[in-house]
Structure formats: structure tokens, C-alpha cells
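model.cif follows (mmCIF, N, CA and C atoms):
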data_upload
loop_
_atom_site.label_atom_id
_atom_site.label_comp_id
_atom_site.auth_asym_id
_atom_site.auth_seq_id
_atom_site.Cartn_x
_atom_site.Cartn_y
_atom_site.Cartn_z
N MET A 1 101.43 86.39 92.16
CA MET A 1 101.40 87.83 92.07
C MET A 1 101.48 88.25 90.61
N LEU A 2 100.67 89.20 90.23
CA LEU A 2 100.68 89.71 88.87
C LEU A 2 101.76 90.77 88.73
N THR A 3 102.39 90.79 87.60
CA THR A 3 103.45 91.76 87.37
C THR A 3 103.35 92.30 85.96
N GLY A 4 104.27 93.17 85.63
CA GLY A 4 104.39 93.68 84.27
C GLY A 4 103.15 94.38 83.79
N GLU A 5 102.60 93.89 82.68
CA GLU A 5 101.48 94.57 82.04
C GLU A 5 100.23 94.60 82.91
N PHE A 6 100.14 93.73 83.92
CA PHE A 6 98.95 93.68 84.76
C PHE A 6 99.01 94.63 85.94
N LEU A 7 100.17 95.18 86.21
CA LEU A 7 100.32 96.09 87.34
C LEU A 7 99.74 97.44 86.97
N PRO A 8 98.62 97.82 87.60
CA PRO A 8 98.02 99.10 87.24
C PRO A 8 98.87 100.26 87.75
N SER A 9 98.85 101.33 87.01
CA SER A 9 99.55 102.52 87.45
C SER A 9 98.59 103.36 88.29
N ALA A 10 99.13 104.18 89.12
CA ALA A 10 98.33 105.06 89.95
C ALA A 10 98.78 106.50 89.72
N PRO A 11 98.40 107.09 88.58
CA PRO A 11 98.87 108.43 88.27
C PRO A 11 98.40 109.49 89.25
N PHE A 12 97.33 109.21 90.00
CA PHE A 12 96.85 110.19 90.96
C PHE A 12 97.70 110.20 92.23
N LEU A 13 98.58 109.22 92.38
CA LEU A 13 99.47 109.16 93.53
C LEU A 13 100.90 109.39 93.06
N THR A 14 101.59 110.26 93.74
CA THR A 14 103.00 110.46 93.47
C THR A 14 103.72 110.13 94.77
N TYR A 15 104.47 109.04 94.76
CA TYR A 15 105.09 108.60 96.00
C TYR A 15 106.26 107.69 95.71
N ASP A 16 107.14 107.60 96.67
CA ASP A 16 108.16 106.57 96.65
C ASP A 16 107.56 105.39 97.39
N MET A 17 108.27 104.29 97.45
CA MET A 17 107.76 103.14 98.18
C MET A 17 107.46 103.56 99.62
N PRO A 18 106.36 103.03 100.18
CA PRO A 18 106.01 103.42 101.55
C PRO A 18 107.11 103.03 102.53
N PRO A 19 107.29 103.84 103.55
CA PRO A 19 108.28 103.49 104.57
C PRO A 19 107.94 102.13 105.18
N PRO A 20 108.95 101.34 105.53
CA PRO A 20 108.69 100.00 106.06
C PRO A 20 107.75 99.97 107.26
N ASP A 21 107.75 101.02 108.08
CA ASP A 21 106.89 101.00 109.26
C ASP A 21 105.41 101.01 108.90
N LEU A 22 105.02 101.54 107.75
CA LEU A 22 103.62 101.52 107.33
C LEU A 22 103.15 100.10 107.06
N GLN A 23 104.06 99.25 106.68
CA GLN A 23 103.69 97.87 106.39
C GLN A 23 103.26 97.11 107.64
N GLN A 24 103.60 97.63 108.80
CA GLN A 24 103.27 96.98 110.07
C GLN A 24 102.00 97.53 110.70
N ILE A 25 101.45 98.59 110.15
CA ILE A 25 100.29 99.26 110.74
C ILE A 25 99.02 98.50 110.39
N PRO A 26 98.15 98.25 111.37
CA PRO A 26 96.87 97.58 111.08
C PRO A 26 96.03 98.42 110.12
N ASP A 27 95.16 97.74 109.40
CA ASP A 27 94.34 98.40 108.38
C ASP A 27 93.51 99.56 108.94
N SER A 28 92.92 99.38 110.11
CA SER A 28 92.07 100.43 110.67
C SER A 28 92.87 101.70 110.96
N GLU A 29 94.09 101.55 111.47
CA GLU A 29 94.94 102.71 111.72
C GLU A 29 95.40 103.34 110.41
N LEU A 30 95.70 102.49 109.44
CA LEU A 30 96.11 102.98 108.13
C LEU A 30 94.99 103.82 107.52
N TRP A 31 93.75 103.35 107.63
CA TRP A 31 92.63 104.11 107.08
C TRP A 31 92.48 105.45 107.79
N SER A 32 92.70 105.49 109.10
CA SER A 32 92.64 106.76 109.84
C SER A 32 93.67 107.74 109.29
N MET A 33 94.85 107.25 108.99
CA MET A 33 95.90 108.10 108.41
C MET A 33 95.47 108.59 107.02
N ILE A 34 94.85 107.72 106.26
CA ILE A 34 94.38 108.08 104.92
C ILE A 34 93.32 109.17 105.01
N MET A 35 92.42 109.04 105.96
CA MET A 35 91.38 110.06 106.13
C MET A 35 91.98 111.44 106.39
N ASP A 36 93.18 111.46 106.97
CA ASP A 36 93.87 112.73 107.23
C ASP A 36 94.70 113.18 106.03
N GLY A 37 94.64 112.44 104.92
CA GLY A 37 95.35 112.85 103.71
C GLY A 37 96.75 112.31 103.58
N ASN A 38 97.10 111.28 104.32
CA ASN A 38 98.44 110.72 104.29
C ASN A 38 98.62 109.88 103.01
N VAL A 39 99.35 110.44 102.04
CA VAL A 39 99.54 109.77 100.75
C VAL A 39 100.36 108.48 100.88
N PRO A 40 101.45 108.46 101.65
CA PRO A 40 102.17 107.19 101.79
C PRO A 40 101.30 106.08 102.39
N ALA A 41 100.40 106.43 103.32
CA ALA A 41 99.49 105.42 103.88
C ALA A 41 98.55 104.91 102.80
N TYR A 42 98.10 105.78 101.93
CA TYR A 42 97.22 105.36 100.84
C TYR A 42 97.98 104.48 99.85
N ALA A 43 99.22 104.83 99.60
CA ALA A 43 100.05 104.01 98.73
C ALA A 43 100.21 102.60 99.32
N GLU A 44 100.36 102.51 100.62
CA GLU A 44 100.47 101.21 101.28
C GLU A 44 99.17 100.43 101.12
N LEU A 45 98.02 101.08 101.31
CA LEU A 45 96.74 100.41 101.12
C LEU A 45 96.61 99.90 99.69
N TYR A 46 97.02 100.72 98.74
CA TYR A 46 96.98 100.34 97.33
C TYR A 46 97.84 99.10 97.09
N GLU A 47 99.06 99.13 97.63
CA GLU A 47 99.97 97.99 97.44
C GLU A 47 99.42 96.72 98.08
N ARG A 48 98.75 96.85 99.20
CA ARG A 48 98.22 95.68 99.89
C ARG A 48 97.07 95.03 99.14
N TYR A 49 96.23 95.81 98.50
CA TYR A 49 94.94 95.29 98.07
C TYR A 49 94.59 95.45 96.59
N TRP A 50 95.41 96.13 95.79
CA TRP A 50 95.03 96.30 94.39
C TRP A 50 94.90 94.95 93.68
N GLU A 51 95.81 94.01 93.99
CA GLU A 51 95.80 92.73 93.27
C GLU A 51 94.53 91.93 93.58
N THR A 52 94.13 91.89 94.83
CA THR A 52 92.91 91.18 95.21
C THR A 52 91.70 91.80 94.53
N LEU A 53 91.67 93.12 94.50
CA LEU A 53 90.55 93.80 93.85
C LEU A 53 90.56 93.58 92.34
N PHE A 54 91.76 93.59 91.76
CA PHE A 54 91.86 93.32 90.33
C PHE A 54 91.34 91.92 90.02
N GLU A 55 91.74 90.95 90.83
CA GLU A 55 91.30 89.58 90.60
C GLU A 55 89.79 89.46 90.75
N THR A 56 89.22 90.17 91.72
CA THR A 56 87.76 90.17 91.90
C THR A 56 87.08 90.77 90.67
N ALA A 57 87.60 91.91 90.22
CA ALA A 57 87.01 92.57 89.05
C ALA A 57 87.15 91.69 87.81
N TYR A 58 88.31 91.09 87.65
CA TYR A 58 88.52 90.24 86.48
C TYR A 58 87.58 89.03 86.51
N TRP A 59 87.38 88.46 87.69
CA TRP A 59 86.47 87.31 87.83
C TRP A 59 85.07 87.68 87.38
N HIS A 60 84.64 88.92 87.71
CA HIS A 60 83.31 89.36 87.31
C HIS A 60 83.24 89.74 85.83
N LEU A 61 84.29 90.36 85.32
CA LEU A 61 84.24 90.96 83.99
C LEU A 61 84.87 90.11 82.88
N LEU A 62 85.85 89.28 83.25
CA LEU A 62 86.62 88.50 82.28
C LEU A 62 87.26 89.40 81.21
N ASP A 63 87.66 90.59 81.63
CA ASP A 63 88.28 91.57 80.73
C ASP A 63 89.34 92.30 81.55
N LYS A 64 90.62 92.06 81.25
CA LYS A 64 91.71 92.62 82.06
C LYS A 64 91.73 94.14 82.02
N ALA A 65 91.55 94.71 80.85
CA ALA A 65 91.57 96.18 80.74
C ALA A 65 90.43 96.80 81.53
N ALA A 66 89.24 96.25 81.42
CA ALA A 66 88.10 96.78 82.17
C ALA A 66 88.30 96.59 83.67
N ALA A 67 88.86 95.46 84.06
CA ALA A 67 89.12 95.21 85.48
C ALA A 67 90.10 96.23 86.03
N LYS A 68 91.18 96.49 85.29
CA LYS A 68 92.16 97.49 85.74
C LYS A 68 91.52 98.87 85.84
N ASP A 69 90.70 99.23 84.86
CA ASP A 69 90.04 100.53 84.88
C ASP A 69 89.12 100.69 86.08
N ILE A 70 88.34 99.66 86.36
CA ILE A 70 87.40 99.74 87.48
C ILE A 70 88.13 99.84 88.81
N VAL A 71 89.16 99.03 88.98
CA VAL A 71 89.93 99.08 90.23
C VAL A 71 90.56 100.47 90.39
N GLN A 72 91.09 101.01 89.32
CA GLN A 72 91.67 102.36 89.35
C GLN A 72 90.61 103.38 89.75
N GLU A 73 89.43 103.28 89.15
CA GLU A 73 88.35 104.22 89.48
C GLU A 73 87.94 104.10 90.93
N VAL A 74 87.89 102.88 91.45
CA VAL A 74 87.52 102.68 92.85
C VAL A 74 88.55 103.35 93.76
N PHE A 75 89.84 103.17 93.47
CA PHE A 75 90.86 103.79 94.30
C PHE A 75 90.83 105.31 94.21
N VAL A 76 90.60 105.84 93.03
CA VAL A 76 90.51 107.31 92.87
C VAL A 76 89.31 107.83 93.66
N TYR A 77 88.18 107.17 93.50
CA TYR A 77 86.97 107.58 94.21
C TYR A 77 87.19 107.57 95.73
N CYS A 78 87.80 106.50 96.21
CA CYS A 78 88.03 106.39 97.65
C CYS A 78 88.99 107.46 98.16
N TRP A 79 89.97 107.82 97.35
CA TRP A 79 90.88 108.90 97.76
C TRP A 79 90.10 110.21 97.81
N GLN A 80 89.29 110.46 96.82
CA GLN A 80 88.53 111.71 96.77
C GLN A 80 87.52 111.80 97.91
N LYS A 81 86.95 110.69 98.32
CA LYS A 81 85.91 110.67 99.36
C LYS A 81 86.44 110.17 100.70
N ARG A 82 87.74 110.13 100.87
CA ARG A 82 88.35 109.52 102.05
C ARG A 82 87.86 110.11 103.37
N GLU A 83 87.54 111.39 103.39
CA GLU A 83 87.10 112.02 104.64
C GLU A 83 85.69 111.60 105.02
N GLN A 84 84.93 111.09 104.07
CA GLN A 84 83.54 110.70 104.32
C GLN A 84 83.36 109.20 104.52
N ILE A 85 84.34 108.42 104.15
CA ILE A 85 84.23 106.96 104.25
C ILE A 85 84.71 106.53 105.63
N GLN A 86 83.84 105.87 106.36
CA GLN A 86 84.17 105.40 107.70
C GLN A 86 84.41 103.89 107.66
N ILE A 87 85.63 103.49 107.97
CA ILE A 87 85.96 102.07 108.05
C ILE A 87 86.64 101.86 109.39
N ASN A 88 85.96 101.19 110.28
CA ASN A 88 86.47 100.99 111.63
C ASN A 88 86.74 99.53 111.94
N GLU A 89 86.71 98.69 110.93
CA GLU A 89 86.87 97.26 111.14
C GLU A 89 88.13 96.76 110.47
N SER A 90 88.19 95.47 110.27
CA SER A 90 89.33 94.83 109.63
C SER A 90 89.35 95.13 108.14
N MET A 91 90.39 94.66 107.48
CA MET A 91 90.49 94.87 106.04
C MET A 91 89.41 94.12 105.28
N ALA A 92 88.83 93.11 105.89
CA ALA A 92 87.72 92.43 105.21
C ALA A 92 86.63 93.44 104.91
N ALA A 93 86.38 94.36 105.85
CA ALA A 93 85.38 95.40 105.62
C ALA A 93 85.83 96.35 104.51
N VAL A 94 87.12 96.67 104.48
CA VAL A 94 87.65 97.55 103.44
C VAL A 94 87.53 96.85 102.08
N ARG A 95 87.94 95.59 102.03
CA ARG A 95 87.87 94.83 100.78
C ARG A 95 86.42 94.74 100.29
N ASP A 96 85.50 94.48 101.21
CA ASP A 96 84.09 94.40 100.84
C ASP A 96 83.60 95.75 100.34
N PHE A 97 84.06 96.82 100.99
CA PHE A 97 83.68 98.17 100.56
C PHE A 97 84.16 98.42 99.13
N PHE A 98 85.41 98.08 98.86
CA PHE A 98 85.96 98.27 97.52
C PHE A 98 85.28 97.37 96.49
N SER A 99 84.89 96.17 96.89
CA SER A 99 84.31 95.21 95.96
C SER A 99 82.91 95.60 95.51
N GLY A 100 82.20 96.35 96.33
CA GLY A 100 80.84 96.76 95.97
C GLY A 100 80.76 97.47 94.63
N PRO A 101 81.57 98.52 94.41
CA PRO A 101 81.52 99.21 93.11
C PRO A 101 81.93 98.31 91.94
N ILE A 102 82.81 97.36 92.19
CA ILE A 102 83.22 96.44 91.13
C ILE A 102 82.01 95.59 90.71
N GLN A 103 81.28 95.09 91.67
CA GLN A 103 80.10 94.27 91.36
C GLN A 103 79.03 95.10 90.68
N MET A 104 78.85 96.36 91.11
CA MET A 104 77.86 97.23 90.49
C MET A 104 78.24 97.52 89.04
N ALA A 105 79.52 97.76 88.78
CA ALA A 105 79.97 98.04 87.41
C ALA A 105 79.71 96.83 86.53
N ASN A 106 79.90 95.65 87.07
CA ASN A 106 79.67 94.43 86.30
C ASN A 106 78.18 94.29 85.95
N SER A 107 77.31 94.65 86.86
CA SER A 107 75.87 94.51 86.59
C SER A 107 75.38 95.49 85.52
N LYS A 108 76.14 96.55 85.28
CA LYS A 108 75.76 97.54 84.25
C LYS A 108 76.23 97.13 82.87
N ARG A 109 77.09 96.12 82.79
CA ARG A 109 77.63 95.70 81.49
C ARG A 109 76.70 94.74 80.80
#
Please render this file's structure as C-alpha cells.
Amino acid sequence: MLTGEFLPSAPFLTYDMPPPDLQQIPDSELWSMIMDGNVPAYAELYERYWETLFETAYWHLLDKAAAKDIVQEVFVYCWQKREQIQINESMAAVRDFFSGPIQMANSKR
């Protein structure tokens, strides 16, 4: 697990740690809550998957700062478009959805 300087901040989210019960909710239900604007549910999604996305971005870019920026942009974009994004499958679908913009950003460099 990455810590310290590698932990991206999420200034667009203001939250305390998600309630423990959110940690037990399946990804598809969590996304439904996010679509309704549930910030703690979004914070839980962020905590679950930011590291995997960061590692994917870093693997493509080999630049930690750029990887953190792209992952942050992806999360901001997804929060802004949450009502339009339909994810009805497992987190693999969510991870793949998030990874698409990371790969596109890499191809533009």
C-alpha cells in the first residue's frame, strides 16, 4: 500500500472516514448510492480503488505526479458525471471504466 507523499488528496470531497457499513456494500449498490449524490459512498469508492488506478496510471506514464493528477481528474470527472454513468456490473467494470481515461491520457503524451 502506498502512503505518505503518494496518497492523493481529494479536495473536491469533504468527508470523515466512511461509516463501516459502507465497506460491506457491493460495488454496484455503492455506485447506485453515488449516482444519488452520496458523498460518503463516493469516498468509499475512492478509498477502495485510488491505489489500483494510481498504479495503472504510473505503469503507463512512469511519472508519479502525472499519475496522481490523472487519477484525480478521473475521480473528479466521474463525480461530476455520476448521474450519467451507468455501471451495473462488478468493480472490474468500474475499474475498466476508470482505466480508459488513464490510457487515453497516456496516448496523448
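One finds atom CA of A:Val76 at 14.3 Å from atom CA of A:Phe54.
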Item to check | Distance in Å - atom N of A:Cys78 versus atom N of A:Thr56 | outcome: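 Between atom N of A:Cys78 and atom N of A:Thr56 the gap is 17.0 Å.
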Checklist entry - By how many Å are atom CA of A:Ile87 and atom N of A:His60 apart? => result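 Separating atom CA of A:Ile87 from atom N of A:His60 is a distance of 24.3 Å.
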Checklist entry - What do you get, as an MDAnalysis selection string, if you spell out every residue that the PyMOL selection byres ((chain A and resi 67-70) around 6.5) selects here? => result chainID A and resid 8 54 57:58 61 63:66 71:75 102
Checklist entry - Contacts of A:Glu83 at 8 Å or less, counting only N, CA and C atoms, minus same-chain residues fewer than 6 places along, as a list in words? => result Ile34, Met35, Asp36 and Gly37 of chain A
Next on the checklist: Using all atoms listed in the file, which protein or nucleic acid residues come within 8 Å of A:Leu22? Drop anything in the same chain fewer than 6 positions from it, and give the result as a list of chain:residue names.
Outcome noted: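 What passes the distance filter is A:Leu30, A:Pro40, A:Ala41, A:Glu44, A:Leu45.
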May I have the selected residues written with N, CA and C atoms, as a short mmCIF file (atom, residue, chain, number, x, y, z; two decimals), in the frame of the given file?
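This is the output file selection31.cif:
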data_model
loop_
_atom_site.label_atom_id
_atom_site.label_comp_id
_atom_site.auth_asym_id
_atom_site.auth_seq_id
_atom_site.Cartn_x
_atom_site.Cartn_y
_atom_site.Cartn_z
N LEU A 30 95.70 102.49 109.44
CA LEU A 30 96.11 102.98 108.13
C LEU A 30 94.99 103.82 107.52
N PRO A 40 101.45 108.46 101.65
CA PRO A 40 102.17 107.19 101.79
C PRO A 40 101.30 106.08 102.39
N ALA A 41 100.40 106.43 103.32
CA ALA A 41 99.49 105.42 103.88
C ALA A 41 98.55 104.91 102.80
N GLU A 44 100.36 102.51 100.62
CA GLU A 44 100.47 101.21 101.28
C GLU A 44 99.17 100.43 101.12
N LEU A 45 98.02 101.08 101.31
CA LEU A 45 96.74 100.41 101.12
C LEU A 45 96.61 99.90 99.69
#
Written record: stretch 46-96 of chain A, C-alpha atoms, as a PDB file, in the first residue's frame:
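The new file decode29.pdb reads:
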ATOM      1  CA  TYR A  46     -12.193   6.380  -3.769  1.00  0.00           C
ATOM      2  CA  GLU A  47     -10.614   4.543  -0.839  1.00  0.00           C
ATOM      3  CA  ARG A  48     -11.197   1.170  -2.490  1.00  0.00           C
ATOM      4  CA  TYR A  49      -9.738   1.941  -5.886  1.00  0.00           C
ATOM      5  CA  TRP A  50      -7.499   5.030  -5.997  1.00  0.00           C
ATOM      6  CA  GLU A  51      -4.351   2.957  -5.388  1.00  0.00           C
ATOM      7  CA  THR A  52      -5.074   0.482  -8.187  1.00  0.00           C
ATOM      8  CA  LEU A  53      -5.810   3.328 -10.566  1.00  0.00           C
ATOM      9  CA  PHE A  54      -2.683   5.182  -9.487  1.00  0.00           C
ATOM     10  CA  GLU A  55      -0.593   2.085 -10.126  1.00  0.00           C
ATOM     11  CA  THR A  56      -2.201   1.664 -13.563  1.00  0.00           C
ATOM     12  CA  ALA A  57      -1.538   5.304 -14.422  1.00  0.00           C
ATOM     13  CA  TYR A  58       2.020   5.118 -13.139  1.00  0.00           C
ATOM     14  CA  TRP A  59       2.666   1.951 -15.168  1.00  0.00           C
ATOM     15  CA  HIS A  60       1.589   3.820 -18.310  1.00  0.00           C
ATOM     16  CA  LEU A  61       3.237   7.155 -17.543  1.00  0.00           C
ATOM     17  CA  LEU A  62       6.251   6.358 -15.337  1.00  0.00           C
ATOM     18  CA  ASP A  63       5.646   9.745 -13.698  1.00  0.00           C
ATOM     19  CA  LYS A  64       4.175   9.808 -10.171  1.00  0.00           C
ATOM     20  CA  ALA A  65       2.970  13.407 -10.303  1.00  0.00           C
ATOM     21  CA  ALA A  66       1.261  12.911 -13.664  1.00  0.00           C
ATOM     22  CA  ALA A  67      -0.269   9.638 -12.481  1.00  0.00           C
ATOM     23  CA  LYS A  68      -1.704  11.315  -9.371  1.00  0.00           C
ATOM     24  CA  ASP A  69      -3.070  14.182 -11.468  1.00  0.00           C
ATOM     25  CA  ILE A  70      -4.769  11.882 -13.958  1.00  0.00           C
ATOM     26  CA  VAL A  71      -6.339   9.702 -11.278  1.00  0.00           C
ATOM     27  CA  GLN A  72      -7.588  12.838  -9.511  1.00  0.00           C
ATOM     28  CA  GLU A  73      -9.058  14.148 -12.775  1.00  0.00           C
ATOM     29  CA  VAL A  74     -10.781  10.824 -13.428  1.00  0.00           C
ATOM     30  CA  PHE A  75     -12.389  10.850  -9.974  1.00  0.00           C
ATOM     31  CA  VAL A  76     -13.494  14.477 -10.329  1.00  0.00           C
ATOM     32  CA  TYR A  77     -14.936  13.783 -13.776  1.00  0.00           C
ATOM     33  CA  CYS A  78     -16.800  10.727 -12.530  1.00  0.00           C
ATOM     34  CA  TRP A  79     -18.270  12.670  -9.620  1.00  0.00           C
ATOM     35  CA  GLN A  80     -19.408  15.439 -11.954  1.00  0.00           C
ATOM     36  CA  LYS A  81     -20.936  12.952 -14.435  1.00  0.00           C
ATOM     37  CA  ARG A  82     -22.156  10.418 -11.859  1.00  0.00           C
ATOM     38  CA  GLU A  83     -25.815  10.731 -12.881  1.00  0.00           C
ATOM     39  CA  GLN A  84     -24.967   9.836 -16.488  1.00  0.00           C
ATOM     40  CA  ILE A  85     -22.529   6.975 -15.895  1.00  0.00           C
ATOM     41  CA  GLN A  86     -24.240   3.593 -15.777  1.00  0.00           C
ATOM     42  CA  ILE A  87     -22.319   0.810 -14.055  1.00  0.00           C
ATOM     43  CA  ASN A  88     -24.398  -2.263 -13.351  1.00  0.00           C
ATOM     44  CA  GLU A  89     -21.660  -4.856 -13.075  1.00  0.00           C
ATOM     45  CA  SER A  90     -18.809  -5.752 -10.773  1.00  0.00           C
ATOM     46  CA  MET A  91     -15.968  -3.461  -9.838  1.00  0.00           C
ATOM     47  CA  ALA A  92     -13.975  -4.901 -12.709  1.00  0.00           C
ATOM     48  CA  ALA A  93     -16.297  -2.877 -14.947  1.00  0.00           C
ATOM     49  CA  VAL A  94     -15.799   0.205 -12.770  1.00  0.00           C
ATOM     50  CA  ARG A  95     -12.013  -0.249 -12.785  1.00  0.00           C
ATOM     51  CA  ASP A  96     -12.035  -0.698 -16.554  1.00  0.00           C
TER      52      ASP A  96
END
